[in-house]
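Colleague: Just target15.cif, nothing more (mmCIF, C-alpha atoms and all ligand atoms):
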```
data_start
#
loop_
_atom_site.label_atom_id
_atom_site.label_comp_id
_atom_site.auth_asym_id
_atom_site.auth_seq_id
_atom_site.Cartn_x
_atom_site.Cartn_y
_atom_site.Cartn_z
CA MET A 1 0.00 0.00 0.00
CA GLU A 2 1.32 3.43 -0.93
CA HIS A 3 0.23 6.87 0.29
CA ILE A 4 0.61 9.97 -1.86
CA ASN A 5 -0.53 13.47 -0.87
CA ILE A 6 -1.70 16.45 -2.86
CA TYR A 7 -0.52 19.68 -1.26
CA SER A 8 -1.61 23.29 -1.23
CA GLY A 9 1.60 25.00 -0.13
CA LYS A 10 2.82 22.84 2.74
CA LYS A 11 -0.64 21.59 3.69
CA ALA A 12 -1.77 18.13 2.54
CA ILE A 13 -5.28 18.64 1.10
CA SER A 14 -6.02 15.24 -0.46
CA ARG A 15 -4.70 11.74 0.09
CA ILE A 16 -4.26 9.06 -2.56
CA VAL A 17 -3.93 5.46 -1.44
CA THR A 18 -2.87 2.80 -3.95
CA SER A 19 -3.25 -0.87 -3.20
CA ASP A 20 -3.89 -4.22 -4.91
CA SER A 21 -6.67 -4.97 -2.39
CA ILE A 22 -9.91 -3.22 -1.36
CA LYS A 23 -9.40 -4.04 2.34
CA GLY A 24 -7.77 -0.71 3.23
CA LEU A 25 -10.83 1.31 2.17
CA GLY A 26 -12.36 0.76 5.63
CA ALA A 27 -9.62 2.89 7.22
CA CYS A 28 -10.29 5.73 4.73
CA LEU A 29 -14.00 5.74 5.67
CA GLU A 30 -13.34 5.55 9.41
CA PRO A 31 -13.42 9.32 10.16
CA PHE A 32 -16.81 9.87 8.49
CA ARG A 33 -20.09 9.58 10.38
CA SER A 34 -22.59 9.82 7.53
CA ILE A 35 -21.69 8.43 4.11
CA PHE A 36 -23.74 8.44 0.90
CA ALA A 37 -22.33 6.46 -2.03
CA VAL A 38 -22.96 6.95 -5.75
CA ILE A 39 -22.01 3.71 -7.48
CA ASP A 40 -21.70 2.76 -11.15
CA LYS A 41 -24.32 0.07 -11.77
CA ASN A 42 -22.15 -1.68 -14.36
CA ILE A 43 -19.52 -2.72 -11.83
CA PRO A 44 -19.91 -6.37 -10.84
CA VAL A 45 -20.77 -6.79 -7.15
CA ASN A 46 -17.61 -6.92 -5.05
CA VAL A 47 -18.45 -8.70 -1.82
CA GLN A 48 -15.56 -7.22 0.17
CA LEU A 49 -16.46 -3.69 -0.92
CA MET A 50 -20.13 -4.19 -0.03
CA GLU A 51 -19.18 -5.50 3.43
CA ILE A 52 -17.03 -2.42 4.07
CA LEU A 53 -19.92 -0.13 3.03
CA LYS A 54 -22.44 -2.10 5.11
CA ALA A 55 -20.25 -1.84 8.23
CA LYS A 56 -20.43 1.96 7.90
CA ASN A 57 -24.21 2.04 7.14
CA VAL A 58 -23.51 3.65 3.80
CA ARG A 59 -26.61 4.61 1.79
CA ILE A 60 -26.28 3.81 -1.91
CA LYS A 61 -27.56 5.28 -5.17
CA TYR A 62 -26.73 3.43 -8.38
CA ILE A 63 -26.28 5.25 -11.68
CA VAL A 64 -25.67 4.03 -15.22
CA PRO A 65 -22.91 6.29 -16.56
CA SER A 66 -22.96 7.69 -20.08
CA GLU A 67 -21.63 10.86 -21.69
CA GLU A 68 -25.21 11.73 -22.77
CA ASP A 69 -26.36 11.65 -19.14
CA LYS A 70 -23.28 13.40 -17.77
CA THR A 71 -25.49 16.43 -17.25
CA LEU A 72 -26.69 18.93 -14.66
CA GLU A 73 -29.95 16.98 -14.54
CA THR A 74 -28.20 13.83 -13.28
CA VAL A 75 -26.29 15.91 -10.72
CA MET A 76 -29.62 17.42 -9.57
CA ASN A 77 -31.02 13.88 -9.21
CA ILE A 78 -28.11 13.02 -6.94
CA CYS A 79 -28.77 16.21 -4.93
CA SER A 80 -32.51 15.37 -4.63
CA TRP A 81 -31.63 11.91 -3.33
CA LEU A 82 -29.26 13.45 -0.75
CA LEU A 83 -31.93 15.91 0.35
CA GLU A 84 -34.69 13.28 0.56
CA ASN A 85 -32.47 11.10 2.72
CA GLY A 86 -31.50 13.85 5.14
CA ALA A 87 -27.86 14.28 4.12
CA ASP A 88 -26.47 17.14 6.23
CA ARG A 89 -23.35 19.36 6.04
CA ASP A 90 -21.38 16.62 7.76
CA THR A 91 -22.13 14.09 5.01
CA MET A 92 -19.39 12.50 2.94
CA ILE A 93 -20.17 11.50 -0.64
CA LEU A 94 -18.33 8.47 -1.92
CA ALA A 95 -18.14 7.92 -5.68
CA VAL A 96 -17.40 4.37 -6.87
CA GLY A 97 -16.96 4.10 -10.63
CA GLY A 98 -15.17 5.45 -13.66
CA GLY A 99 -14.51 9.07 -14.61
CA ILE A 100 -18.14 9.85 -15.41
CA THR A 101 -19.30 8.75 -11.95
CA THR A 102 -16.47 10.51 -10.06
CA ASP A 103 -16.86 13.73 -12.11
CA MET A 104 -20.63 13.90 -11.43
CA ALA A 105 -20.68 12.75 -7.79
CA GLY A 106 -17.74 15.08 -7.09
CA PHE A 107 -19.62 17.98 -8.68
CA ALA A 108 -22.75 17.19 -6.64
CA ALA A 109 -20.60 17.18 -3.47
CA CYS A 110 -19.14 20.59 -4.42
CA ILE A 111 -22.54 22.26 -4.71
CA TYR A 112 -24.72 20.35 -2.20
CA LYS A 113 -25.28 22.59 0.86
CA ARG A 114 -22.44 24.78 -0.52
CA GLY A 115 -20.04 21.87 -0.47
CA VAL A 116 -19.65 18.66 1.52
CA ARG A 117 -16.66 16.33 1.73
CA PHE A 118 -16.19 13.60 -0.83
CA GLY A 119 -14.00 10.60 -1.62
CA TYR A 120 -13.37 8.45 -4.68
CA VAL A 121 -12.95 4.76 -5.41
CA PRO A 122 -12.09 4.85 -9.13
CA THR A 123 -12.82 1.59 -10.95
CA THR A 124 -11.43 2.20 -14.46
CA LEU A 125 -7.74 2.51 -15.31
CA LEU A 126 -8.46 5.92 -16.82
CA SER A 127 -10.03 7.22 -13.62
CA GLN A 128 -7.31 5.64 -11.45
CA VAL A 129 -4.49 7.44 -13.24
CA ASP A 130 -6.31 10.59 -14.27
CA ALA A 131 -9.98 11.50 -13.65
CA ALA A 132 -10.06 10.75 -9.90
CA ILE A 133 -6.89 12.73 -9.18
CA GLY A 134 -6.57 16.51 -9.19
CA GLY A 135 -10.05 17.66 -8.20
CA LYS A 136 -11.62 18.52 -11.56
CA THR A 137 -15.35 17.80 -11.33
CA GLY A 138 -18.08 18.63 -13.81
CA VAL A 139 -20.63 17.83 -16.48
CA ASN A 140 -21.22 18.31 -20.19
CA PHE A 141 -23.41 21.23 -21.24
CA GLU A 142 -24.90 22.15 -24.64
CA LYS A 143 -22.37 20.68 -27.11
CA TYR A 144 -19.36 21.06 -24.84
CA LYS A 145 -17.61 18.41 -22.73
CA ASN A 146 -16.97 19.18 -19.05
CA ILE A 147 -17.76 22.86 -19.62
CA LEU A 148 -19.51 23.29 -16.24
CA GLY A 149 -17.53 22.29 -13.19
CA ILE A 150 -15.48 23.12 -10.14
CA ILE A 151 -11.94 22.26 -9.06
CA ARG A 152 -12.01 20.98 -5.49
CA GLN A 153 -9.98 18.14 -4.00
CA PRO A 154 -11.56 14.93 -2.68
CA ALA A 155 -10.64 14.02 0.90
CA PHE A 156 -9.18 10.79 -0.48
CA THR A 157 -8.89 8.66 -3.58
CA TYR A 158 -8.61 4.93 -2.90
CA ILE A 159 -7.08 3.24 -5.93
CA CYS A 160 -7.43 -0.53 -5.97
CA SER A 161 -6.01 -2.34 -9.01
CA GLN A 162 -8.05 -5.46 -8.18
CA LEU A 163 -11.23 -3.60 -9.19
CA LEU A 164 -9.90 -3.30 -12.75
CA GLU A 165 -10.15 -7.02 -13.40
CA SER A 166 -13.78 -6.83 -14.54
CA LEU A 167 -13.05 -3.96 -16.91
CA PRO A 168 -13.66 -4.78 -20.60
CA LYS A 169 -10.49 -4.85 -22.71
CA ARG A 170 -11.42 -1.75 -24.69
CA ASP A 171 -12.01 0.34 -21.56
CA PHE A 172 -8.79 -0.96 -20.03
CA LEU A 173 -6.78 0.02 -23.11
CA SER A 174 -8.41 3.44 -23.09
CA GLY A 175 -6.83 3.97 -19.65
CA ALA A 176 -3.55 2.45 -20.85
CA ALA A 177 -3.28 5.34 -23.35
CA GLU A 178 -3.63 7.90 -20.49
CA LEU A 179 -1.05 5.99 -18.45
CA LEU A 180 1.45 6.10 -21.33
CA LYS A 181 0.64 9.81 -21.75
CA THR A 182 1.58 10.47 -18.13
CA PHE A 183 4.96 8.77 -18.61
CA MET A 184 5.55 10.75 -21.81
CA ILE A 185 5.39 13.80 -19.52
CA GLU A 186 7.59 12.39 -16.73
CA ASP A 187 9.33 9.14 -17.44
CA ASN A 188 11.83 7.67 -14.92
CA GLY A 189 11.89 4.52 -17.06
CA ASN A 190 8.17 3.91 -16.58
CA TYR A 191 7.10 4.60 -20.17
CA GLN A 192 8.95 1.57 -21.53
CA LYS A 193 7.98 -0.54 -18.53
CA ALA A 194 4.29 0.23 -19.17
CA ALA A 195 4.55 -0.26 -22.95
CA ASP A 196 6.26 -3.63 -22.33
CA LEU A 197 3.59 -4.68 -19.82
CA PHE A 198 0.70 -3.86 -22.16
CA PHE A 199 2.52 -5.60 -25.02
CA ASP A 200 2.99 -8.74 -22.87
CA ILE A 201 -0.67 -8.74 -21.78
CA GLN A 202 -1.75 -8.29 -25.38
CA SER A 203 0.52 -11.05 -26.76
CA GLU A 204 -0.48 -13.53 -24.05
CA PHE A 205 -4.14 -12.69 -24.67
CA HIS A 206 -3.85 -13.35 -28.41
CA LEU A 207 -1.97 -16.57 -27.87
CA GLU A 208 -4.51 -17.98 -25.42
CA VAL A 209 -7.59 -16.81 -27.34
CA MET A 210 -6.49 -17.30 -30.96
CA MET A 211 -4.30 -20.37 -30.55
CA TYR A 212 -6.02 -22.20 -27.72
CA GLY A 213 -9.55 -20.87 -28.19
CA LYS A 214 -9.96 -19.73 -24.57
CA ASP A 215 -12.85 -17.48 -23.56
CA GLU A 216 -11.89 -13.82 -24.17
CA LYS A 217 -13.49 -12.31 -21.06
CA THR A 218 -12.10 -14.92 -18.67
CA GLN A 219 -8.68 -14.76 -20.26
CA TRP A 220 -8.53 -10.98 -20.07
CA ARG A 221 -9.50 -11.05 -16.40
CA GLU A 222 -6.87 -13.71 -15.62
CA LEU A 223 -4.13 -11.75 -17.36
CA LEU A 224 -4.94 -8.58 -15.42
CA LYS A 225 -4.84 -10.65 -12.23
CA LYS A 226 -1.50 -12.21 -13.21
CA HIS A 227 0.07 -8.80 -13.86
CA ARG A 228 -1.69 -7.04 -10.96
CA LYS A 229 1.50 -6.29 -9.02
CA THR A 230 3.35 -4.60 -11.89
CA LEU A 231 0.19 -2.72 -12.82
CA THR A 232 -0.28 -1.48 -9.24
CA GLY A 233 3.27 -0.11 -9.26
CA LEU A 234 2.75 1.71 -12.55
CA ILE A 235 -0.60 3.17 -11.42
CA ALA A 236 1.05 4.44 -8.22
CA ALA A 237 3.88 6.00 -10.27
CA ALA A 238 1.37 7.75 -12.59
CA ALA A 239 -0.78 8.91 -9.63
CA SER A 240 2.32 10.31 -7.98
CA ILE A 241 3.29 12.27 -11.12
CA LYS A 242 -0.18 13.77 -11.42
CA ALA A 243 -0.32 14.56 -7.68
CA GLY A 244 3.02 16.38 -7.98
CA VAL A 245 1.88 18.50 -10.92
CA VAL A 246 -1.46 19.33 -9.23
CA SER A 247 0.31 20.26 -5.96
CA ARG A 248 2.44 22.76 -7.88
CA ASP A 249 -0.43 24.18 -9.97
CA GLN A 250 -3.85 23.18 -8.65
CA PHE A 251 -5.88 25.58 -10.80
CA GLU A 252 -4.13 25.07 -14.13
CA LYS A 253 -2.45 28.44 -14.48
CA GLY A 254 0.77 26.98 -15.88
CA GLU A 255 2.44 23.62 -15.30
CA ARG A 256 -0.81 21.62 -15.03
CA ARG A 257 -1.46 22.39 -18.70
CA LYS A 258 1.15 19.82 -19.62
CA LEU A 259 -1.23 17.06 -18.52
CA ASN A 260 -3.28 18.03 -21.59
CA LEU A 261 -0.64 16.47 -23.85
CA GLY A 262 -2.47 15.15 -26.93
CA HIS A 263 -5.83 16.42 -25.67
CA THR A 264 -6.41 19.38 -28.03
CA PHE A 265 -6.30 16.96 -30.96
CA ALA A 266 -8.18 14.31 -28.94
CA HIS A 267 -11.11 16.65 -28.18
CA ALA A 268 -11.36 17.57 -31.88
CA ILE A 269 -11.39 13.85 -32.82
CA GLU A 270 -14.06 13.07 -30.21
CA THR A 271 -16.23 15.96 -31.44
CA LEU A 272 -15.91 14.96 -35.12
CA ALA A 273 -16.62 11.30 -34.32
CA GLN A 274 -19.68 12.29 -32.28
CA ARG A 275 -20.97 14.46 -35.14
CA GLU A 276 -20.58 11.59 -37.61
CA ASN A 277 -22.34 9.30 -35.20
CA GLN A 278 -25.26 11.74 -34.88
CA ARG A 279 -25.48 12.01 -38.66
CA GLY A 280 -25.53 8.21 -38.75
CA LEU A 281 -28.41 8.14 -36.29
CA CYS A 282 -30.35 10.80 -38.25
CA ALA A 283 -29.82 8.79 -41.41
CA GLN A 284 -31.12 5.68 -39.66
CA ASN A 285 -34.23 7.53 -38.48
CA GLU A 286 -34.90 8.58 -42.04
CA SER A 287 -34.52 4.89 -42.93
CA SER A 288 -31.60 5.60 -45.22
CA THR A 289 -28.09 4.50 -44.42
CA LEU A 290 -25.00 6.62 -44.04
CA PRO A 291 -22.35 5.41 -46.48
CA ALA A 292 -19.89 3.17 -44.63
CA GLU A 293 -16.90 5.19 -45.81
CA GLU A 294 -18.27 8.26 -44.01
CA GLN A 295 -18.33 6.52 -40.64
CA HIS A 296 -14.79 6.39 -39.35
CA PHE A 297 -15.80 5.04 -35.96
CA PRO A 298 -18.98 2.97 -36.31
CA SER A 299 -18.66 1.86 -32.67
CA GLY A 300 -17.60 5.29 -31.38
CA VAL A 301 -14.22 6.36 -30.09
CA THR A 302 -13.23 6.15 -26.43
CA HIS A 303 -11.49 9.07 -24.72
CA GLY A 304 -8.26 7.06 -24.42
CA GLU A 305 -8.32 6.06 -28.11
CA ALA A 306 -8.73 9.72 -29.06
CA VAL A 307 -5.87 10.59 -26.69
CA ALA A 308 -3.64 7.95 -28.35
CA MET A 309 -4.36 9.53 -31.76
CA GLY A 310 -3.78 12.98 -30.25
CA LEU A 311 -0.40 11.89 -28.84
CA VAL A 312 0.77 10.68 -32.24
CA LEU A 313 -0.29 14.00 -33.80
CA ALA A 314 1.38 15.97 -31.00
CA ALA A 315 4.61 14.04 -31.65
CA ARG A 316 4.38 14.89 -35.37
CA LEU A 317 3.77 18.55 -34.55
CA ALA A 318 6.74 18.57 -32.14
CA ASP A 319 9.07 17.02 -34.71
CA ARG A 320 8.07 19.64 -37.25
CA TYR A 321 8.16 22.55 -34.77
CA TYR A 322 11.54 21.78 -33.20
CA ARG A 323 13.43 19.99 -35.95
CA ASN A 324 11.61 21.10 -39.07
CA ASP A 325 11.47 17.39 -39.86
CA ARG A 326 9.08 17.08 -42.80
CA ASN A 327 9.35 13.31 -43.21
CA GLU A 328 6.10 11.45 -43.64
CA THR A 329 6.57 9.71 -40.29
CA THR A 330 9.02 11.29 -37.88
CA ALA A 331 11.16 9.65 -35.18
CA LEU A 332 9.10 10.21 -32.01
CA GLU A 333 5.86 9.74 -33.90
CA SER A 334 6.92 6.36 -35.22
CA LYS A 335 8.19 5.22 -31.79
CA ILE A 336 4.93 5.96 -29.98
CA SER A 337 2.60 4.83 -32.78
CA ASN A 338 4.48 1.49 -32.93
CA ASP A 339 4.13 1.16 -29.16
CA PHE A 340 0.37 1.86 -29.34
CA TRP A 341 -0.18 -0.63 -32.17
CA ASP A 342 1.80 -3.25 -30.23
CA CYS A 343 -0.52 -2.74 -27.25
CA ASP A 344 -3.59 -2.92 -29.55
CA ILE A 345 -4.51 0.75 -28.93
CA PRO A 346 -5.81 2.30 -32.18
CA CYS A 347 -3.87 5.49 -32.84
CA TYR A 348 -4.41 6.37 -36.50
CA CYS A 349 -6.39 9.59 -36.87
CA PRO A 350 -8.63 9.48 -39.95
CA TYR A 351 -9.38 13.22 -39.96
CA SER A 352 -7.34 15.85 -41.81
CA ILE A 353 -5.86 18.78 -39.92
CA GLU A 354 -8.29 21.08 -41.74
CA GLU A 355 -11.25 19.04 -40.48
CA MET A 356 -9.95 19.34 -36.91
CA ALA A 357 -9.02 23.04 -37.16
CA GLU A 358 -12.49 24.53 -36.57
CA THR A 359 -13.10 22.38 -33.50
CA MET A 360 -9.66 23.15 -32.07
CA LYS A 361 -10.38 26.88 -32.26
CA LYS A 362 -13.40 26.32 -29.99
CA ASP A 363 -11.44 24.22 -27.47
CA LYS A 364 -12.09 25.54 -23.96
CA LYS A 365 -8.32 25.76 -23.53
CA ALA A 366 -8.01 28.31 -26.36
CA GLU A 367 -7.21 31.84 -25.19
CA GLY A 368 -7.16 34.98 -27.35
CA GLY A 369 -6.99 33.11 -30.66
CA LYS A 370 -4.04 31.00 -29.47
CA VAL A 371 -4.16 27.42 -28.25
CA HIS A 372 -1.77 25.94 -25.69
CA PHE A 373 -0.19 22.98 -27.43
CA VAL A 374 1.83 20.58 -25.32
CA LEU A 375 4.70 19.28 -27.41
CA PRO A 376 6.69 16.15 -26.55
CA LYS A 377 10.40 16.83 -27.12
CA SER A 378 11.30 13.26 -26.20
CA ILE A 379 9.84 10.59 -23.94
CA GLY A 380 9.66 12.26 -20.51
CA GLU A 381 10.11 15.85 -21.68
CA VAL A 382 7.33 18.18 -22.82
CA GLU A 383 6.95 21.91 -23.38
CA THR A 384 3.80 24.02 -23.66
CA VAL A 385 3.81 26.49 -26.55
CA GLU A 386 1.14 28.93 -27.73
CA LEU A 387 0.24 28.52 -31.38
CA THR A 388 -2.62 29.65 -33.56
CA VAL A 389 -4.58 26.88 -35.24
CA GLU A 390 -3.42 28.33 -38.59
CA GLU A 391 0.21 27.87 -37.54
CA VAL A 392 -0.51 24.28 -36.55
CA CYS A 393 -2.20 23.63 -39.93
CA ARG A 394 0.82 25.02 -41.76
CA LEU A 395 3.26 22.87 -39.76
CA MET A 396 1.18 19.71 -40.09
CA LYS A 397 0.65 19.88 -43.86
N1 LIG A 401 -11.87 15.00 -13.82
C1 LIG A 401 -10.83 14.80 -14.60
O1 LIG A 401 -9.73 15.31 -14.36
C2 LIG A 401 -10.98 13.92 -15.80
C3 LIG A 401 -9.85 13.47 -16.49
C4 LIG A 401 -10.01 12.60 -17.56
C5 LIG A 401 -11.28 12.19 -17.93
N2 LIG A 401 -12.36 12.65 -17.25
C6 LIG A 401 -13.71 12.21 -17.61
O2 LIG A 401 -13.79 10.81 -17.34
C7 LIG A 401 -14.76 10.23 -18.22
C8 LIG A 401 -14.17 8.97 -18.81
O3 LIG A 401 -13.83 8.12 -17.74
P1 LIG A 401 -13.89 6.52 -17.88
O4 LIG A 401 -13.15 6.09 -19.08
O5 LIG A 401 -13.53 5.99 -16.55
O6 LIG A 401 -15.41 6.32 -18.27
P2 LIG A 401 -16.70 5.68 -17.59
O7 LIG A 401 -16.94 6.21 -16.25
O8 LIG A 401 -17.78 5.85 -18.59
O9 LIG A 401 -16.35 4.12 -17.52
C9 LIG A 401 -16.18 3.38 -18.72
C10 LIG A 401 -17.11 2.16 -18.75
O10 LIG A 401 -16.63 1.16 -17.86
C11 LIG A 401 -17.67 0.75 -16.94
N3 LIG A 401 -16.97 0.37 -15.73
C12 LIG A 401 -16.42 1.17 -14.81
N4 LIG A 401 -15.72 0.46 -13.92
C13 LIG A 401 -15.87 -0.85 -14.27
C14 LIG A 401 -15.38 -2.06 -13.73
N5 LIG A 401 -14.53 -2.09 -12.70
N6 LIG A 401 -15.74 -3.22 -14.33
C15 LIG A 401 -16.54 -3.21 -15.43
N7 LIG A 401 -17.02 -2.09 -16.00
C16 LIG A 401 -16.67 -0.92 -15.42
C17 LIG A 401 -18.57 1.94 -16.88
O11 LIG A 401 -19.87 1.58 -16.48
C18 LIG A 401 -18.53 2.44 -18.32
O12 LIG A 401 -19.40 1.69 -19.11
C19 LIG A 401 -15.10 11.28 -19.26
O13 LIG A 401 -16.36 11.80 -18.99
C20 LIG A 401 -14.02 12.34 -19.07
O14 LIG A 401 -14.49 13.62 -19.38
C21 LIG A 401 -12.24 13.49 -16.20
#
```
Output the file's structure as structure tokens, nothing else.
Ligand SMILES: NC(=O)c1ccc[n+]([C@@H]2O[C@H](COP(=O)([O-])OP(=O)(O)OC[C@H]3O[C@@H](n4cnc5c(N)ncnc54)[C@H](O)[C@@H]3O)[C@@H](O)[C@H]2O)c1

Modeller:
Amino acid sequence: MEHINIYSGKKAISRIVTSDSIKGLGACLEPFRSIFAVIDKNIPVNVQLMEILKAKNVRIKYIVPSEEDKTLETVMNICSWLLENGADRDTMILAVGGGITTDMAGFAACIYKRGVRFGYVPTTLLSQVDAAIGGKTGVNFEKYKNILGIIRQPAFTYICSQLLESLPKRDFLSGAAELLKTFMIEDNGNYQKAADLFFDIQSEFHLEVMMYGKDEKTQWRELLKKHRKTLTGLIAAAASIKAGVVSRDQFEKGERRKLNLGHTFAHAIETLAQRENQRGLCAQNESSTLPAEEQHFPSGVTHGEAVAMGLVLAARLADRYYRNDRNETTALESKISNDFWDCDIPCYCPYSIEEMAETMKKDKKAEGGKVHFVLPKSIGEVETVELTVEEVCRLMK
């Protein structure tokens, strides 16, 4: 078990505990008298977790997370439930789930009775290394992702790698992309260690499923269990990097921006994919079909997949910006795209830079016509530069 703190000045304001077992959660809940939990309904029942919650008389509300329902309305539903059940100012809200659940329950905790304490048990790899650390809470509004929200630190984040074993492969790999992103920012040898681990898991999975015909779900679960210890170490290393950055720049005035590596491109990709998807749905309603070649992502794109694509594009932009390297595929770009392919993380972006340009201009991180682009100089070293979208288009052509 490892303890990591997030600081404001010299004061520890949030504690992160990493472990390969759920047992230690009881100690985190100990100081709280009245606990209300918001739990992702898709998580298989974990007997140990339920016993810990029962021992503390925790009241539970289940939600089914989706980006469409990551709204103020769902947050209001959580607040109504708290009110109906007599939650007072001394209440602690516990969120158990992926990034959607922690973002929404955290936001509800920030506004309920002008703010009550909250804690997280993240259950996806993405939320364990990213969403549940750093205090960003919020919901989608109109067409914009996470545009309404508050930055406030949870009392604790209890990260248990055991909970990941029920995670579908695609969701796991989505988090793997964020983990690799973190080590592209600060390495200490962890980038290669993580890439090697995901490659091993992937190769063993293919061997057992393709060659020996084993059941995919069972095999995936067993492999995550087998590699639990290495994974726990890497998650703790990534959590520690993010905690360090957040301690130095909680409100994203400077250094914290570097955590957005790959994200300006990723948000544009997610927006374009969502638009295509909506056009597909409209076409279906009109009982005509959208031509297959127009649908780049018929089964959608996960945040981590978009981040992987964004990282490859950021590497290309960096090579062109720093070295004026105009080769079709540049050195850093080919290293990371090979690593992503080896781990079975899709990283080829089907959209042109012109298609992404309009969306990038509207990114909530754009300021005064310029966008903060985080450029990877090498694995473990990044720099934030301000560029106009036009400059980026010129460099990327
Ligand atoms: N607050 C932040 O700093 C921050 C950072 C990054 C991302 N985010 C947000 O996080 C969200 C994405 O997070 P996510 O990828 O965790 O998505 P998610 O919460 O939708 O979880 C992904 C899927 O996995 C399921 N699931 C969760 N845990 C499971 C488990 N242990 N076993 C089986 N299934 C499980 C969920 O029900 C869901 O279907 C986005 O809304 C994004 O905006 C927030």

Colleague: Output as a Markdown table one row per residue of chain A within 8 Å of ligand LIG 401 (chain A): the closest atom pair and its distance in Å to one decimal place, counting only C-alpha atoms and all ligand atoms, sorted by chain and residue number ascending.

Modeller:
```
| residue | atom | partner | partner_atom | distance |
| --- | --- | --- | --- | --- |
| A:Asp40 | CA | A:LIG401 | O11 | 5.8 |
| A:Lys41 | CA | A:LIG401 | O11 | 6.7 |
| A:Asn42 | CA | A:LIG401 | O11 | 4.5 |
| A:Ile43 | CA | A:LIG401 | N6 | 4.6 |
| A:Pro44 | CA | A:LIG401 | N6 | 6.3 |
| A:Val64 | CA | A:LIG401 | O11 | 6.4 |
| A:Pro65 | CA | A:LIG401 | O8 | 5.5 |
| A:Ser66 | CA | A:LIG401 | O8 | 5.7 |
| A:Glu67 | CA | A:LIG401 | O13 | 6.0 |
| A:Lys70 | CA | A:LIG401 | O13 | 7.2 |
| A:Gly97 | CA | A:LIG401 | N4 | 5.1 |
| A:Gly98 | CA | A:LIG401 | O7 | 3.2 |
| A:Gly99 | CA | A:LIG401 | O2 | 3.3 |
| A:Ile100 | CA | A:LIG401 | O7 | 3.9 |
| A:Thr101 | CA | A:LIG401 | O7 | 5.5 |
| A:Thr102 | CA | A:LIG401 | N1 | 7.4 |
| A:Asp103 | CA | A:LIG401 | N1 | 5.4 |
| A:Pro122 | CA | A:LIG401 | N4 | 7.4 |
| A:Thr123 | CA | A:LIG401 | N4 | 4.3 |
| A:Thr124 | CA | A:LIG401 | N4 | 4.7 |
| A:Leu125 | CA | A:LIG401 | O5 | 6.9 |
| A:Leu126 | CA | A:LIG401 | O5 | 5.1 |
| A:Ser127 | CA | A:LIG401 | O5 | 4.7 |
| A:Asp130 | CA | A:LIG401 | C3 | 5.1 |
| A:Ala131 | CA | A:LIG401 | C2 | 3.4 |
| A:Ala132 | CA | A:LIG401 | N1 | 6.1 |
| A:Ile133 | CA | A:LIG401 | O1 | 6.4 |
| A:Gly134 | CA | A:LIG401 | O1 | 6.2 |
| A:Gly135 | CA | A:LIG401 | N1 | 6.5 |
| A:Lys136 | CA | A:LIG401 | N1 | 4.2 |
| A:Thr137 | CA | A:LIG401 | N1 | 5.1 |
| A:Gly138 | CA | A:LIG401 | N1 | 7.2 |
| A:Val139 | CA | A:LIG401 | O13 | 7.8 |
| A:Lys145 | CA | A:LIG401 | O14 | 6.6 |
| A:Asn146 | CA | A:LIG401 | O14 | 6.1 |
| A:Leu163 | CA | A:LIG401 | N5 | 5.0 |
| A:Leu164 | CA | A:LIG401 | N5 | 4.8 |
| A:Glu165 | CA | A:LIG401 | N5 | 6.6 |
| A:Ser166 | CA | A:LIG401 | N6 | 4.1 |
| A:Leu167 | CA | A:LIG401 | N6 | 3.8 |
| A:Pro168 | CA | A:LIG401 | C15 | 6.1 |
| A:Asp171 | CA | A:LIG401 | C9 | 5.9 |
| A:Ser174 | CA | A:LIG401 | O4 | 6.8 |
| A:Gly175 | CA | A:LIG401 | O4 | 6.7 |
| A:Thr302 | CA | A:LIG401 | O4 | 7.4 |
| A:His303 | CA | A:LIG401 | C8 | 6.5 |
| A:Gly304 | CA | A:LIG401 | O4 | 7.3 |
```

Colleague: So, with all atoms listed in the file as the atoms that count, which of A:Asn85, A:Gln128, A:Ser21, A:Asn324 lies closest to Lys242 (chain A)?

Modeller: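 Selected residue with least distance to Lys242 (chain A): A:Gln128.
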
Colleague: Quick one, how far is CA of Ile353 (chain A) from CA of Lys258 (chain A)?

Modeller: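 These two atoms are separated by 21.5 Å.
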
Colleague: For a quick check of understanding, using only C-alpha atoms, which of A:Ile159, A:Val245, A:Ile150, A:Cys343 has the smallest distance to His3 (chain A)?

Modeller: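 Closest to His3 (chain A) of all the choices is A:Ile159.
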
Colleague: List the neighbours of region 387-393 of chain A out to 7 Å using only C-alpha atoms; skip same-chain residues closer than 6 positions along the sequence, and give me the result as a ChimeraX atom specification.

Modeller: /A:353-354,357,361,369-373

Colleague: Contacts of Tyr120 (chain A) at 8 Å or less, counting all atoms listed in the file, minus same-chain residues fewer than 6 places along, as a JSON list (two decimals) with C-alpha atoms, in the frame of the given file?

Modeller:
```json
[["chain", "number", "residue", "atom", "x", "y", "z"],
["A", 94, "LEU", "CA", -18.33, 8.47, -1.92],
["A", 95, "ALA", "CA", -18.14, 7.92, -5.68],
["A", 96, "VAL", "CA", -17.40, 4.37, -6.87],
["A", 102, "THR", "CA", -16.47, 10.51, -10.06],
["A", 132, "ALA", "CA", -10.06, 10.75, -9.90],
["A", 154, "PRO", "CA", -11.56, 14.93, -2.68],
["A", 156, "PHE", "CA", -9.18, 10.79, -0.48],
["A", 157, "THR", "CA", -8.89, 8.66, -3.58],
["A", 158, "TYR", "CA", -8.61, 4.93, -2.90]]
```

Colleague: To one decimal in Å, tell me the separation between CA of Gly233 (chain A) and CA of Ala177 (chain A).

Modeller: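 Spanning CA of Gly233 (chain A) to CA of Ala177 (chain A) is a straight-line distance of 16.5 Å.
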